[in-house]
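Just below is one structure, and these are the notes that go with it.
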Amino acid sequence: MEQAPPDPERQLQPAPLEPLGSPDAGLGAAVGKEAEGAGEESSGVDTMTHNNFWLKKIEISVSEAEKRTGRNAMNMQETYTAYLIETRSVEHTDGQSVLTDSLWRRYSEFELLRSYLLVYYPHIVVPPLPEKRAEFVWHKLSADNMDPDFVERRRIGLENFLLRIASHPILCRDKIFYLFLTQVFFFYLADSRLKALNATFRVKNPDKRFTDLKHYSDELQSVISHLLRVRARVADRLYGVYKVHGNYGRVFSEWSAIEKEMGDGLQSAGHHMDVYASSIDDILEDEEHYADQLKEYLFYAEALRAVCRKHELMQYDLEMAAQDLASKKQQCEELATGTVRTFSLKGMTTKLFGQETPEQREARIKVLEEQINEGEQQLKSKNLEGREFVKNAWADIERFKEQKNRDLKEALISYAVMQISMCKKGIQVWTNAKECFSKM
Amino acid sequence: MEVFSKDASLMDMNSFSPMMPTSPLSMINQIKFEDEPDLKDLFITVDEPESHVTTIETFITYRIITKTSRGEFDSSEFEVRRRYQDFLWLKGKLEEAHPTLIIPPLPEKFIVKGMVERFNDDFIETRRKALHKFLNRIADHPTLTFNEDFKIFLTAQAWELSSHKKQGPGLLSRMGQTVRAVASSMRGVKNRPEEFMEMNNFIELFSQKINLIDKISQRIYKEEREYFDEMKEYGPIHILWSASEEDLVDTLKDVASCIDRCCKATEKRMSGLSEALLPVVHEYVLYSEMLMGVMKRRDQIQAELDSKVEALTYKKADTDLLPEEIGKLEDKVECANNALKADWERWKQNMQNDIKLAFTDMAEENIHYYEQCLATWESFLTSQTNLHLEEASEDKP
């Protein structure tokens with residue numbers, strides 16, 4: 001893999017809005033030396049050329065999770081979970097897939113990938129990660145990150161995250177994404193770039209569509225959180241109802257020992273009560289998957305806000321540049337006509353220490369005119385940039401909207417399917433119990 | 001007051017009734033189920049609780065309507081008002097008259113946990129239903145139904161009842177009986193015949209189990225109530241959400257209405273539980289306490305006999321009169337035991353039927369609940385897939 005030496009200047013500039021041609025171009029510079037020196041290349045990297053990497057169909061899966069212990073940055077022992085990412089290329093026409101890459105990554109590395117994508121594709125609604133810590137937990141479910149159920153659901157969430165990127169028309173062609181899947185040593189991004197995105201500022205003329213989008217994302221976040229909270233409480237209560245019935249099982253069994261005629265009926269009815277009580281575990285586990293689907297869109301709300309923030313940042317930048325240009329033009333005019341309206345340090349010192357010479361004034365006007373020229377060009381390019389951003393961002397937002405409508409509808413339907421399954425189980429168990437009772 | 005003896009004139013029943021058993025032993029063959037309408041000739045309802053305020057106290061009375069075709073009643077319809085104290089009096093009289101019969105239980109004086117207010121509507125309603133059950137159980141009992149005090153309770157005007165109440169054995173003599181009872185109960189337990197040992201074991205175990213079932217059933221009701229309370233909030237959130245999603249409005253609103261319908265179904269399930277299962281189980285909790293009292297009384301009667309026999313054997317007291325006394329007591333013990341045995345079989349049969357019915361009803365309520373919810377969600381699913389097909393066909397050129 002050919003790499004240009006890392007260019008610090010290039011690292012600080014945002015990438016072009018769409019990677020050009022082959023994934024090699026433009027982004028190679030961002031890869032650190034560590035990646036180059038990576039001796040631990042998985043098998044198959046050299047056999048795949050980059051030019052036709054994305055033309056072949058690939059399958060990505062997060063197939064396993066493993067508990068690991070290691071030392072963190074402060075040299076303290078820590079336990080974490082590592083996830084196995086396997087990439088398969090579907091080569092043959094019969095759909096057979098060949099394992100081309102596999103490596104282990106932990107959650108924080110996924111976070112790095114996402115942070116990078118957020119910075120480099122600000123106009124794109126970047127898919128969210130599954131939750132870092134278990135939230136919206138109904139109390140019988142564990143809030144422990146090491147809990148096997150939580151790990152399993154997270155594994156699925158991480159796989160979903162990678163699949164969403166791989167199926168996104170723009171993000172799938174990102175070189176860093178490719179490296180994430182194939183290179184063991186990953187690079188570290190500078191925090192400063194990420195911090196810049198969070199700076200607060202005031203925009204005078206934001207695009208109304210982005211303001212509306214920000215409101216929508218706030219509403220989405222708030223309503224889904226509320227829904228998830230109540231769902232967790234409902235799940236808790238439902239668990240209680242089912243489990244208490246299990247107590248009947250034990251008592252019926254003990255009672256049946258002293259009953260001659262009723263004994264058998266009591267005993268078998270008790271068994272069905274036990275079945276009923278234990279059925280809730282699977283039912284609620286299935287519901288967790290539904291909750292995860294909702295959570296994904298809860299976190300997507302944050303991604304939407306990030307796009308809006310980027311627009312605001314660009315708009316703010318544009319407004320500042322325009323303001324600066326206007327002020328310089330005014331200064332220039334004042335110097336040329338001799339009137340002083342704007343405040344400037346030079347003006348003050350001139351007043352205090354005497355007038356400047358005509359030559360000095362000429363020189364200053366010349367400098368200002370150059371700056372004005374430069375400023376006008378910059379403003380033009382910023383305007384262009386801004387319009388490009390808005391165009392591309394809205395394209396992705398429209399795409400996101402369609403995806404969201406499809407996914408949420410599907411999730412709601414799957415919820416109905418789950419309820420139906422629960423009802424059918426209930427009917428079965430209680431019909432059996434009723435038969436036992438009536439035979440007593 | 002002796003009840004059972006070979007002297008039939010002391011039996012507390014009217015000799016004109018065709019149903020009257022002539023001896024205690026024949027009652028064993030008369031195991032009759034509670035609701036045989038063709039044999040029933042006494043119908044009682046308890047309703048219309050009313051609050052009465054006097055200078056000294058406030059209390060509730062219940063209206064009791066009796067309809068009967070029996071000859072020994074002066075009329076075919078009676079309407080009286082009685083308060084809880086009156087029911088307590090009646091129970092006491094029945095226990096006195098028939099110490100080894102299984103008298104139906106009365107609802108508790110106060111509910112320990114939950115309701116503090118005596119005049120809470122739910123409490124009054126629950127009590128009314130239990131009092132209704134109490135009187136009807138007595139009416140259906142082959143022996144108790146002919147009890148004279150029972151008849152007076154159902155028919156006498158308020159002043160008639162108070163004057164009748166004053167005629168019973170005085171407080172002091174009642175206290176004396178209790179002291180004797182405690183003293184001799186231990187002796188009775190020692191000589192308890194095998195079949196009554198078995199009965200006692202059953203009663204002890206049954207009491208344990210029915211108490212547990214009572215607790216479990218109350219707990220289920222509580223959990224269902226809390227589930228219902230949370231569900232009420234769940235549906236409306238989907239409506240709220242639909243306000244910001246133009247393309248998902250219908251789906252979200254439909255989900256909300258499904259959840260609301262399931263919520264109503266849960267409410268119905270809860271009320272079914274509180275109507276069919278909880279009162280029955282609770283009545284049998286009270287019954288199990290009754291049964292232990294009955295065992296004690298039986299043991300006490302036996303103890304009386306045993307102490308006289310002991311006195312005769314060891315020549316403790318004047319032995320001239322003893323053989324005759326012992327003879328009478330032996331009869332008494334035999335009658336008491338037979339009465340209890342017969343009533344025990346009857347009680348067990350009723351218990352099995354009642355428990356079976358109560359739990360079958362509970363199962364039925366649950367089945368109905370799940371069937372309703374199933375129908376709700378299935379129709380949602382159908383409407384979604386239909387919508388999908390409609391949209392798909394609209395897209396086609």
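Ordering of the structure tokens sets the chain letters (A, B, ...); residue numbers start at 1 within each chain; ligands are numbered from 1 in the order shown.
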Show me which bits of chain A are within 6 Å of chain B, counting only C-alpha atoms, as a VMD selection string. chain A and resid 234 237 241 416 420 423 427 430 434 437
Would you list, as a list in words, the residues of range 79-271 of chain B that end up in strand (DSSP E or B) under DSSP run on this structure's backbone? Glu79, Val80, Arg81, Arg82 and Arg83 of chain B
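Residues in contact range of range 50-62 of chain B, defined as at most 10 Å between only C-alpha atoms, with sequence neighbours fewer than 5 positions away removed, read Thr45, Val80, Arg81, Arg82, Arg83, Tyr84, Gln85, Asp86, Arg118, Phe119, Ile124, Arg128, Leu131 and His132 of chain B.
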Write the residues you've just listed into a file as a compact mmCIF listing (two decimals), in the first residue's frame, and include all heavy atoms for each of them.
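This is the output file result.txt:
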```txt
# COMPACT_ATOMS: atom_id res chain seq x y z
N THR B 45 -81.34 -12.53 50.26
CA THR B 45 -80.40 -11.56 49.68
C THR B 45 -80.03 -10.52 50.73
O THR B 45 -80.85 -10.15 51.58
CB THR B 45 -80.99 -10.81 48.46
OG1 THR B 45 -82.25 -10.27 48.84
CG2 THR B 45 -81.16 -11.71 47.27
N VAL B 80 -85.89 -7.25 56.63
CA VAL B 80 -85.40 -6.71 57.90
C VAL B 80 -84.08 -6.00 57.67
O VAL B 80 -83.47 -6.13 56.62
CB VAL B 80 -85.18 -7.83 58.95
CG1 VAL B 80 -86.49 -8.51 59.28
CG2 VAL B 80 -84.16 -8.82 58.47
N ARG B 81 -83.65 -5.23 58.68
CA ARG B 81 -82.34 -4.59 58.62
C ARG B 81 -81.48 -5.12 59.75
O ARG B 81 -81.95 -5.21 60.89
CB ARG B 81 -82.45 -3.07 58.73
CG ARG B 81 -83.03 -2.47 57.49
CD ARG B 81 -82.49 -1.08 57.21
NE ARG B 81 -82.42 -0.88 55.77
CZ ARG B 81 -81.29 -0.92 55.07
NH1 ARG B 81 -80.13 -1.08 55.65
NH2 ARG B 81 -81.33 -0.76 53.75
N ARG B 82 -80.24 -5.49 59.47
CA ARG B 82 -79.37 -6.03 60.50
C ARG B 82 -78.00 -5.38 60.41
O ARG B 82 -77.55 -5.02 59.33
CB ARG B 82 -79.18 -7.55 60.31
CG ARG B 82 -80.45 -8.36 60.45
CD ARG B 82 -80.86 -8.54 61.89
NE ARG B 82 -82.09 -9.32 61.98
CZ ARG B 82 -83.29 -8.82 62.27
NH1 ARG B 82 -83.43 -7.52 62.52
NH2 ARG B 82 -84.35 -9.60 62.32
N ARG B 83 -77.33 -5.26 61.56
CA ARG B 83 -75.96 -4.76 61.55
C ARG B 83 -75.01 -5.91 61.86
O ARG B 83 -75.44 -6.98 62.29
CB ARG B 83 -75.79 -3.61 62.52
CG ARG B 83 -76.19 -3.94 63.94
CD ARG B 83 -76.15 -2.71 64.83
NE ARG B 83 -74.77 -2.28 65.09
CZ ARG B 83 -74.47 -1.38 66.01
NH1 ARG B 83 -75.42 -0.81 66.73
NH2 ARG B 83 -73.22 -1.02 66.20
N TYR B 84 -73.70 -5.64 61.68
CA TYR B 84 -72.69 -6.69 61.84
C TYR B 84 -72.78 -7.37 63.19
O TYR B 84 -72.66 -8.60 63.31
CB TYR B 84 -71.30 -6.07 61.64
CG TYR B 84 -70.18 -7.07 61.66
CD1 TYR B 84 -69.90 -7.87 60.55
CD2 TYR B 84 -69.39 -7.23 62.80
CE1 TYR B 84 -68.87 -8.79 60.57
CE2 TYR B 84 -68.36 -8.16 62.83
CZ TYR B 84 -68.11 -8.93 61.72
OH TYR B 84 -67.09 -9.85 61.75
N GLN B 85 -73.06 -6.62 64.23
CA GLN B 85 -73.20 -7.19 65.58
C GLN B 85 -74.23 -8.31 65.60
O GLN B 85 -74.06 -9.32 66.30
CB GLN B 85 -73.68 -6.11 66.53
CG GLN B 85 -72.59 -5.47 67.35
CD GLN B 85 -73.19 -4.44 68.30
OE1 GLN B 85 -74.32 -4.60 68.76
NE2 GLN B 85 -72.44 -3.39 68.56
N ASP B 86 -75.32 -8.10 64.85
CA ASP B 86 -76.39 -9.10 64.82
C ASP B 86 -75.90 -10.39 64.19
O ASP B 86 -76.24 -11.48 64.63
CB ASP B 86 -77.61 -8.56 64.04
CG ASP B 86 -78.16 -7.28 64.65
OD1 ASP B 86 -78.08 -7.13 65.89
OD2 ASP B 86 -78.67 -6.43 63.89
N ARG B 118 -63.52 2.32 58.28
CA ARG B 118 -64.54 1.30 58.33
C ARG B 118 -65.63 1.52 57.31
O ARG B 118 -66.32 0.60 56.91
CB ARG B 118 -65.19 1.28 59.73
CG ARG B 118 -64.70 0.17 60.62
CD ARG B 118 -65.61 -0.04 61.82
NE ARG B 118 -65.91 1.19 62.52
CZ ARG B 118 -67.10 1.43 63.08
NH1 ARG B 118 -68.06 0.56 63.00
NH2 ARG B 118 -67.30 2.57 63.71
N PHE B 119 -65.82 2.75 56.92
CA PHE B 119 -66.94 3.05 56.04
C PHE B 119 -66.50 3.30 54.60
O PHE B 119 -67.21 3.91 53.83
CB PHE B 119 -67.73 4.23 56.59
CG PHE B 119 -68.20 3.96 58.00
CD1 PHE B 119 -67.67 4.68 59.06
CD2 PHE B 119 -69.11 2.98 58.26
CE1 PHE B 119 -68.08 4.42 60.36
CE2 PHE B 119 -69.53 2.70 59.55
CZ PHE B 119 -69.02 3.44 60.61
N ILE B 124 -67.20 -1.89 52.48
CA ILE B 124 -68.62 -2.18 52.72
C ILE B 124 -69.15 -3.17 51.70
O ILE B 124 -69.86 -4.12 52.05
CB ILE B 124 -69.44 -0.87 52.69
CG1 ILE B 124 -69.08 -0.01 53.90
CG2 ILE B 124 -70.95 -1.17 52.70
CD1 ILE B 124 -69.68 1.38 53.86
N ARG B 128 -70.58 -6.79 52.43
CA ARG B 128 -71.95 -7.12 52.06
C ARG B 128 -72.00 -8.46 51.33
O ARG B 128 -72.82 -9.33 51.63
CB ARG B 128 -72.54 -6.02 51.18
CG ARG B 128 -73.99 -6.27 50.79
CD ARG B 128 -74.43 -5.42 49.60
NE ARG B 128 -73.76 -5.77 48.37
CZ ARG B 128 -74.03 -6.85 47.64
NH1 ARG B 128 -74.96 -7.69 48.03
NH2 ARG B 128 -73.35 -7.09 46.53
N LEU B 131 -71.40 -11.28 53.74
CA LEU B 131 -72.56 -11.53 54.63
C LEU B 131 -73.65 -12.28 53.87
O LEU B 131 -74.31 -13.16 54.40
CB LEU B 131 -73.10 -10.21 55.19
CG LEU B 131 -72.15 -9.47 56.15
CD1 LEU B 131 -72.73 -8.10 56.51
CD2 LEU B 131 -71.92 -10.30 57.40
N HIS B 132 -73.80 -11.91 52.60
CA HIS B 132 -74.77 -12.60 51.74
C HIS B 132 -74.41 -14.07 51.64
O HIS B 132 -75.25 -14.96 51.78
CB HIS B 132 -74.77 -11.91 50.37
CG HIS B 132 -75.63 -12.57 49.35
ND1 HIS B 132 -76.91 -12.13 49.06
CD2 HIS B 132 -75.40 -13.63 48.54
CE1 HIS B 132 -77.43 -12.91 48.12
NE2 HIS B 132 -76.53 -13.82 47.78
```
As number ranges by chain, please: the residues near Thr81 in chain A (cut-off 8 Å, only C-alpha atoms, same-chain neighbours under 6 positions excluded). A: 65-68, 106-107, 146, 151
Please, could you write that set of residues out with all heavy atoms as a PDB file, in the first residue's frame?
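Output file again21.pdb follows:
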```pdb
ATOM      1  N   ALA A  65     -17.729 -12.074  20.803  1.00  0.00           N
ATOM      2  CA  ALA A  65     -17.319 -11.115  21.833  1.00  0.00           C
ATOM      3  C   ALA A  65     -16.520 -11.874  22.874  1.00  0.00           C
ATOM      4  O   ALA A  65     -16.833 -13.017  23.197  1.00  0.00           O
ATOM      5  CB  ALA A  65     -18.548 -10.484  22.475  1.00  0.00           C
ATOM      6  N   GLU A  66     -15.470 -11.233  23.400  1.00  0.00           N
ATOM      7  CA  GLU A  66     -14.596 -11.928  24.344  1.00  0.00           C
ATOM      8  C   GLU A  66     -14.175 -10.988  25.454  1.00  0.00           C
ATOM      9  O   GLU A  66     -13.869  -9.816  25.210  1.00  0.00           O
ATOM     10  CB  GLU A  66     -13.337 -12.375  23.576  1.00  0.00           C
ATOM     11  CG  GLU A  66     -12.766 -13.701  23.998  1.00  0.00           C
ATOM     12  CD  GLU A  66     -11.596 -14.079  23.098  1.00  0.00           C
ATOM     13  OE1 GLU A  66     -10.536 -13.441  23.216  1.00  0.00           O
ATOM     14  OE2 GLU A  66     -11.779 -14.985  22.276  1.00  0.00           O
ATOM     15  N   LYS A  67     -14.124 -11.505  26.658  1.00  0.00           N
ATOM     16  CA  LYS A  67     -13.680 -10.683  27.795  1.00  0.00           C
ATOM     17  C   LYS A  67     -12.158 -10.655  27.790  1.00  0.00           C
ATOM     18  O   LYS A  67     -11.513 -11.684  27.622  1.00  0.00           O
ATOM     19  CB  LYS A  67     -14.194 -11.331  29.090  1.00  0.00           C
ATOM     20  CG  LYS A  67     -14.458 -10.351  30.200  1.00  0.00           C
ATOM     21  CD  LYS A  67     -15.493 -10.932  31.138  1.00  0.00           C
ATOM     22  CE  LYS A  67     -15.049 -10.903  32.582  1.00  0.00           C
ATOM     23  NZ  LYS A  67     -16.105 -11.328  33.484  1.00  0.00           N
ATOM     24  N   ARG A  68     -11.596  -9.451  27.964  1.00  0.00           N
ATOM     25  CA  ARG A  68     -10.140  -9.324  27.981  1.00  0.00           C
ATOM     26  C   ARG A  68      -9.709  -8.515  29.191  1.00  0.00           C
ATOM     27  O   ARG A  68     -10.466  -7.685  29.698  1.00  0.00           O
ATOM     28  CB  ARG A  68      -9.657  -8.573  26.726  1.00  0.00           C
ATOM     29  CG  ARG A  68     -10.002  -9.223  25.412  1.00  0.00           C
ATOM     30  CD  ARG A  68      -8.839 -10.039  24.864  1.00  0.00           C
ATOM     31  NE  ARG A  68      -9.230 -10.743  23.653  1.00  0.00           N
ATOM     32  CZ  ARG A  68      -8.982 -10.310  22.428  1.00  0.00           C
ATOM     33  NH1 ARG A  68      -8.353  -9.140  22.276  1.00  0.00           N
ATOM     34  NH2 ARG A  68      -9.367 -11.004  21.386  1.00  0.00           N
ATOM     35  N   ARG A 106     -12.154  -3.142  20.289  1.00  0.00           N
ATOM     36  CA  ARG A 106     -13.013  -2.837  21.421  1.00  0.00           C
ATOM     37  C   ARG A 106     -13.863  -1.607  21.132  1.00  0.00           C
ATOM     38  O   ARG A 106     -13.631  -0.916  20.130  1.00  0.00           O
ATOM     39  CB  ARG A 106     -12.213  -2.668  22.713  1.00  0.00           C
ATOM     40  CG  ARG A 106     -11.094  -1.652  22.639  1.00  0.00           C
ATOM     41  CD  ARG A 106     -10.239  -1.667  23.888  1.00  0.00           C
ATOM     42  NE  ARG A 106     -10.975  -1.163  25.053  1.00  0.00           N
ATOM     43  CZ  ARG A 106     -10.395  -0.928  26.227  1.00  0.00           C
ATOM     44  NH1 ARG A 106      -9.110  -1.147  26.387  1.00  0.00           N
ATOM     45  NH2 ARG A 106     -11.111  -0.490  27.249  1.00  0.00           N
ATOM     46  N   TYR A 107     -14.859  -1.368  22.009  1.00  0.00           N
ATOM     47  CA  TYR A 107     -15.855  -0.312  21.789  1.00  0.00           C
ATOM     48  C   TYR A 107     -15.216   1.046  21.531  1.00  0.00           C
ATOM     49  O   TYR A 107     -15.662   1.793  20.655  1.00  0.00           O
ATOM     50  CB  TYR A 107     -16.794  -0.242  23.002  1.00  0.00           C
ATOM     51  CG  TYR A 107     -17.958   0.714  22.841  1.00  0.00           C
ATOM     52  CD1 TYR A 107     -19.147   0.308  22.235  1.00  0.00           C
ATOM     53  CD2 TYR A 107     -17.881   2.027  23.301  1.00  0.00           C
ATOM     54  CE1 TYR A 107     -20.214   1.176  22.096  1.00  0.00           C
ATOM     55  CE2 TYR A 107     -18.941   2.896  23.163  1.00  0.00           C
ATOM     56  CZ  TYR A 107     -20.101   2.466  22.566  1.00  0.00           C
ATOM     57  OH  TYR A 107     -21.159   3.324  22.419  1.00  0.00           O
ATOM     58  N   MET A 146     -20.680  -5.901  31.654  1.00  0.00           N
ATOM     59  CA  MET A 146     -20.081  -7.211  31.384  1.00  0.00           C
ATOM     60  C   MET A 146     -21.146  -8.295  31.291  1.00  0.00           C
ATOM     61  O   MET A 146     -20.853  -9.430  30.996  1.00  0.00           O
ATOM     62  CB  MET A 146     -19.102  -7.581  32.528  1.00  0.00           C
ATOM     63  CG  MET A 146     -17.836  -6.768  32.475  1.00  0.00           C
ATOM     64  SD  MET A 146     -16.901  -7.150  30.996  1.00  0.00           S
ATOM     65  CE  MET A 146     -15.814  -5.770  30.889  1.00  0.00           C
ATOM     66  N   VAL A 151     -23.756  -7.641  26.473  1.00  0.00           N
ATOM     67  CA  VAL A 151     -22.657  -7.810  25.511  1.00  0.00           C
ATOM     68  C   VAL A 151     -23.201  -8.328  24.180  1.00  0.00           C
ATOM     69  O   VAL A 151     -22.823  -7.839  23.119  1.00  0.00           O
ATOM     70  CB  VAL A 151     -21.593  -8.781  26.076  1.00  0.00           C
ATOM     71  CG1 VAL A 151     -20.610  -9.204  25.001  1.00  0.00           C
ATOM     72  CG2 VAL A 151     -20.839  -8.130  27.223  1.00  0.00           C
TER      73      VAL A 151
END
```
Measure the distance from CA of Arg88 in chain A to CA of Glu59 in chain A in Å and round it to one decimal. 4.9 Å
Write out as an NGL selection string the residues lying within 8 Å of Leu129 in chain A, counting only C-alpha atoms and excluding same-chain residues fewer than 4 positions away. :A and (110-111 or 114 or 157-158 or 161 or 296 or 299)
I'd like the neighbourhood of Glu289 in chain B as a short mmCIF file (atom, residue, chain, number, x, y, z; two decimals) with N, CA and C atoms, in the first residue's frame, where a residue qualifies if any of its atoms comes within 12 Å (using only C-alpha atoms), though same-chain residues fewer than 4 positions away should be ignored.
```
data_model
loop_
_atom_site.label_atom_id
_atom_site.label_comp_id
_atom_site.auth_asym_id
_atom_site.auth_seq_id
_atom_site.Cartn_x
_atom_site.Cartn_y
_atom_site.Cartn_z
N ILE B 102 -69.75 -27.43 61.08
CA ILE B 102 -68.87 -26.43 60.48
C ILE B 102 -69.71 -25.21 60.10
N ILE B 103 -69.70 -24.24 60.99
CA ILE B 103 -70.49 -23.03 60.76
C ILE B 103 -69.78 -22.16 59.73
N PRO B 104 -70.50 -21.59 58.77
CA PRO B 104 -69.84 -20.73 57.78
C PRO B 104 -69.16 -19.55 58.47
N PRO B 105 -68.06 -19.05 57.91
CA PRO B 105 -67.34 -17.95 58.55
C PRO B 105 -67.97 -16.59 58.22
N LEU B 106 -67.77 -15.67 59.16
CA LEU B 106 -68.18 -14.29 58.92
C LEU B 106 -66.99 -13.51 58.40
N PRO B 107 -67.21 -12.46 57.61
CA PRO B 107 -66.08 -11.58 57.24
C PRO B 107 -65.49 -10.97 58.50
N GLU B 108 -64.22 -10.58 58.40
CA GLU B 108 -63.54 -10.07 59.59
C GLU B 108 -64.19 -8.80 60.12
N ASN B 200 -57.50 -33.48 61.63
CA ASN B 200 -56.75 -32.35 62.18
C ASN B 200 -55.50 -32.04 61.34
N ILE B 203 -56.58 -30.29 58.29
CA ILE B 203 -56.97 -28.91 58.58
C ILE B 203 -55.74 -28.02 58.73
N GLU B 204 -54.74 -28.54 59.44
CA GLU B 204 -53.53 -27.73 59.65
C GLU B 204 -52.84 -27.42 58.33
N LEU B 205 -52.65 -28.46 57.51
CA LEU B 205 -51.98 -28.26 56.23
C LEU B 205 -52.81 -27.37 55.30
N PHE B 206 -54.11 -27.68 55.27
CA PHE B 206 -55.01 -26.89 54.41
C PHE B 206 -54.94 -25.42 54.80
N SER B 207 -54.95 -25.18 56.08
CA SER B 207 -54.90 -23.80 56.57
C SER B 207 -53.64 -23.09 56.09
N GLN B 208 -52.51 -23.79 56.21
CA GLN B 208 -51.25 -23.21 55.71
C GLN B 208 -51.36 -22.85 54.24
N ILE B 210 -53.98 -22.62 52.16
CA ILE B 210 -54.98 -21.65 51.70
C ILE B 210 -54.55 -20.23 52.08
N ASN B 211 -53.86 -20.10 53.21
CA ASN B 211 -53.35 -18.77 53.58
C ASN B 211 -52.32 -18.28 52.57
N HIS B 282 -60.46 -16.16 50.18
CA HIS B 282 -60.46 -15.55 51.51
C HIS B 282 -61.47 -16.22 52.43
N GLU B 283 -62.63 -16.57 51.88
CA GLU B 283 -63.63 -17.26 52.70
C GLU B 283 -63.06 -18.56 53.24
N TYR B 284 -62.28 -19.27 52.41
CA TYR B 284 -61.72 -20.53 52.89
C TYR B 284 -60.59 -20.33 53.88
N VAL B 285 -59.93 -19.17 53.83
CA VAL B 285 -58.97 -18.83 54.90
C VAL B 285 -59.72 -18.74 56.22
N GLY B 293 -61.46 -24.29 65.29
CA GLY B 293 -62.36 -24.10 66.42
C GLY B 293 -63.25 -25.31 66.61
N VAL B 294 -63.75 -25.85 65.50
CA VAL B 294 -64.62 -27.02 65.56
C VAL B 294 -63.88 -28.20 66.18
N MET B 295 -62.66 -28.41 65.74
CA MET B 295 -61.83 -29.49 66.31
C MET B 295 -61.69 -29.32 67.82
N LYS B 296 -61.44 -28.11 68.24
CA LYS B 296 -61.27 -27.83 69.67
C LYS B 296 -62.53 -28.18 70.44
#
```
For CA of Ile64 in chain B and CA of Glu79 in chain B, quote the distance in Å rounded to one decimal. 5.7 Å
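One finds CA of Lys424 in chain A at 19.1 Å from CA of Asp260 in chain B.
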Using only C-alpha atoms, find the one residue out of A:Phe177, A:Phe252, A:Tyr415, A:Tyr121 that sits nearest to Asp396 in chain A. A:Tyr121
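Taking only C-alpha atoms, the non-local environment of Arg105 in chain A within 8 Å (same-chain residues fewer than 2 positions away omitted) comprises Ala82, Tyr83, Leu84, Ile85, Leu103, Tyr107, Glu109 and Phe110 of chain A.
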